[in-house]
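Listing of work-v3.pdb; format and content: PDB, C-alpha atoms.
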```
ATOM      1  CA  MET A1215      63.118  15.182 137.717
ATOM      2  CA  LEU A1216      64.064  13.107 140.712
ATOM      3  CA  VAL A1217      62.803   9.521 140.470
ATOM      4  CA  LEU A1218      62.584   7.434 143.646
ATOM      5  CA  THR A1219      61.375   3.948 144.402
ATOM      6  CA  ARG A1220      59.098   3.704 147.430
ATOM      7  CA  ARG A1221      56.974   0.897 148.820
ATOM      8  CA  ALA A1222      53.726   1.095 150.765
ATOM      9  CA  ASN A1223      54.139   2.953 154.073
ATOM     10  CA  GLU A1224      57.386   4.588 152.941
ATOM     11  CA  SER A1225      57.697   8.368 152.657
ATOM     12  CA  ILE A1226      59.710  11.170 151.159
ATOM     13  CA  VAL A1227      60.154  14.602 152.724
ATOM     14  CA  ILE A1228      60.114  17.805 150.669
ATOM     15  CA  GLY A1229      61.666  20.769 152.423
ATOM     16  CA  ASP A1230      60.985  20.969 156.141
ATOM     17  CA  ASP A1231      57.218  20.737 156.077
ATOM     18  CA  ILE A1232      55.894  18.394 153.361
ATOM     19  CA  THR A1233      55.795  14.605 153.663
ATOM     20  CA  VAL A1234      54.568  12.353 150.866
ATOM     21  CA  THR A1235      53.681   8.808 151.940
ATOM     22  CA  ILE A1236      52.825   5.868 149.689
ATOM     23  CA  LEU A1237      49.701   4.428 151.287
ATOM     24  CA  ALA A1238      48.995   1.537 148.915
ATOM     25  CA  VAL A1239      50.044   0.132 145.572
ATOM     26  CA  THR A1240      47.320  -1.661 143.601
ATOM     27  CA  PRO A1241      46.967  -2.768 139.979
ATOM     28  CA  GLY A1242      44.685   0.249 139.477
ATOM     29  CA  GLY A1243      47.069   2.860 140.824
ATOM     30  CA  VAL A1244      49.031   4.215 143.744
ATOM     31  CA  ARG A1245      47.414   5.855 146.784
ATOM     32  CA  VAL A1246      49.496   8.776 147.989
ATOM     33  CA  GLY A1247      49.090  10.737 151.211
ATOM     34  CA  ILE A1248      50.452  14.266 151.464
ATOM     35  CA  ASP A1249      51.037  15.978 154.783
ATOM     36  CA  ALA A1250      51.595  19.690 154.211
ATOM     37  CA  PRO A1251      50.758  23.013 155.856
ATOM     38  CA  ARG A1252      47.260  24.317 155.101
ATOM     39  CA  ASP A1253      48.681  27.331 153.255
ATOM     40  CA  LYS A1254      50.227  25.051 150.599
ATOM     41  CA  ARG A1255      47.936  24.385 147.647
ATOM     42  CA  ILE A1256      47.962  20.787 146.418
ATOM     43  CA  ASN A1257      46.159  20.022 143.163
ATOM     44  CA  ARG A1258      46.068  17.191 140.654
ATOM     45  CA  ALA A1259      47.954  18.154 137.487
ATOM     46  CA  GLU A1260      44.992  17.448 135.191
ATOM     47  CA  ILE A1261      42.832  19.848 137.222
ATOM     48  CA  VAL A1262      45.450  22.603 137.002
ATOM     49  CA  LEU A1263      45.679  22.091 133.224
ATOM     50  CA  ALA A1264      41.877  22.070 132.802
ATOM     51  CA  VAL A1265      41.489  25.288 134.809
ATOM     52  CA  GLY A1266      44.286  26.930 132.826
ATOM     53  CA  ASP A1267      42.647  25.913 129.537
ATOM     54  CA  ALA A1268      39.250  27.167 130.729
ATOM     55  CA  ASN A1269      40.773  30.491 131.802
ATOM     56  CA  GLN A1270      42.521  30.854 128.463
ATOM     57  CA  GLU A1271      39.257  30.127 126.631
ATOM     58  CA  ALA A1272      37.413  32.666 128.791
ATOM     59  CA  VAL A1273      39.986  35.353 127.995
ATOM     60  CA  GLN A1274      39.710  34.544 124.291
ATOM     61  CA  THR A1275      35.903  34.652 124.395
ATOM     62  CA  SER A1276      35.986  37.916 126.328
ATOM     63  CA  SER A1277      38.330  39.556 123.828
ATOM     64  CA  ASP A1278      36.240  38.203 120.923
ATOM     65  CA  GLU A1279      33.109  39.733 122.472
ATOM     66  CA  SER A1280      34.905  43.069 122.942
ATOM     67  CA  ALA A1281      36.026  43.000 119.323
ATOM     68  CA  GLN A1282      32.516  42.108 118.197
ATOM     69  CA  THR A1283      31.010  44.955 120.243
ATOM     70  CA  ALA A1284      33.521  47.422 118.816
ATOM     71  CA  LEU A1285      32.845  46.216 115.265
ATOM     72  CA  LEU A1286      29.080  46.451 115.683
ATOM     73  CA  GLY A1287      29.473  49.923 117.166
ATOM     74  CA  ALA A1288      31.594  51.020 114.207
ATOM     75  CA  LEU A1289      29.158  49.516 111.729
ATOM     76  CA  GLY A1290      26.280  51.265 113.489
ATOM     77  CA  ARG A1291      28.042  54.603 113.144
ATOM     78  CA  LEU A1292      28.668  53.971 109.448
ATOM     79  CA  GLY A1293      25.013  53.124 108.889
ATOM     80  CA  GLY A1294      23.879  56.404 110.382
ATOM     81  CA  THR A1295      22.563  55.011 113.673
ATOM     82  CA  PRO A1296      24.191  56.280 116.874
TER
END
```
Starting from the file, lay out its structure as structure tokens.
Amino acid sequence: MLVLTRRANESIVIGDDITVTILAVTPGGVRVGIDAPRDKRINRAEIVLAVGDANQEAVQTSSDESAQTALLGALGRLGGTP
């Protein structure tokens, strides 16, 4: 990880087309501006993690439901119902 010190109104450039500018530094946090092409996705890390967790949970729930359906189907066949 590269660690840089920047003050308000100072920037860093990533590649040829992304500029990150420190807009303000307050006791509550740092305001950051990002200038990037529209085709670049920019997301907060906690959102990416939350979406990943939700997707993982959905896959687990889906596979649990499939397993439950298969089990109920097998039990139904054993009990003599089609």
**Study point:** Nearby residues (all atoms listed in the file) at most 10 Å from Ala1238 of chain A, same-chain spacing under 2 positions excluded, as number ranges by chain
**Key:** A: 1221-1224, 1235-1236, 1240, 1243-1247
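Residues matching the PyMOL selection byres ((chain A and resi 1250) around 12) in this structure come to Val1227, Ile1228, Gly1229, Asp1230, Asp1231, Ile1232, Thr1233, Val1234, Thr1235, Gly1247, Ile1248, Asp1249, Pro1251, Arg1252, Asp1253, Lys1254, Arg1255 and Ile1256 of chain A.
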Review point. So how far away is atom CA of Val1217 of chain A from atom CA of Arg1258 of chain A, in Å?
Key: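 Distance reported for this atom pair: 18.4 Å.
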Which centre and edge lengths in Å to one decimal define the box along x, y and z that fits every listed atom of segment 1227-1240 of chain A plus 6 Å per side, as lines of an AutoDock Vina configuration file?
```
center_x = 54.5
center_y = 9.7
center_z = 149.9
size_x = 26.3
size_y = 34.6
size_z = 24.5
```
Check your understanding: Between atom CA of Gly1266 of chain A and atom CA of Thr1283 of chain A, what is the distance, to one decimal in Å?
Key ->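 Between atom CA of Gly1266 of chain A and atom CA of Thr1283 of chain A the gap works out to 25.7 Å.
Going from atom CA of Met1215 of chain A to atom CA of Ala1259 of chain A covers 15.5 Å.
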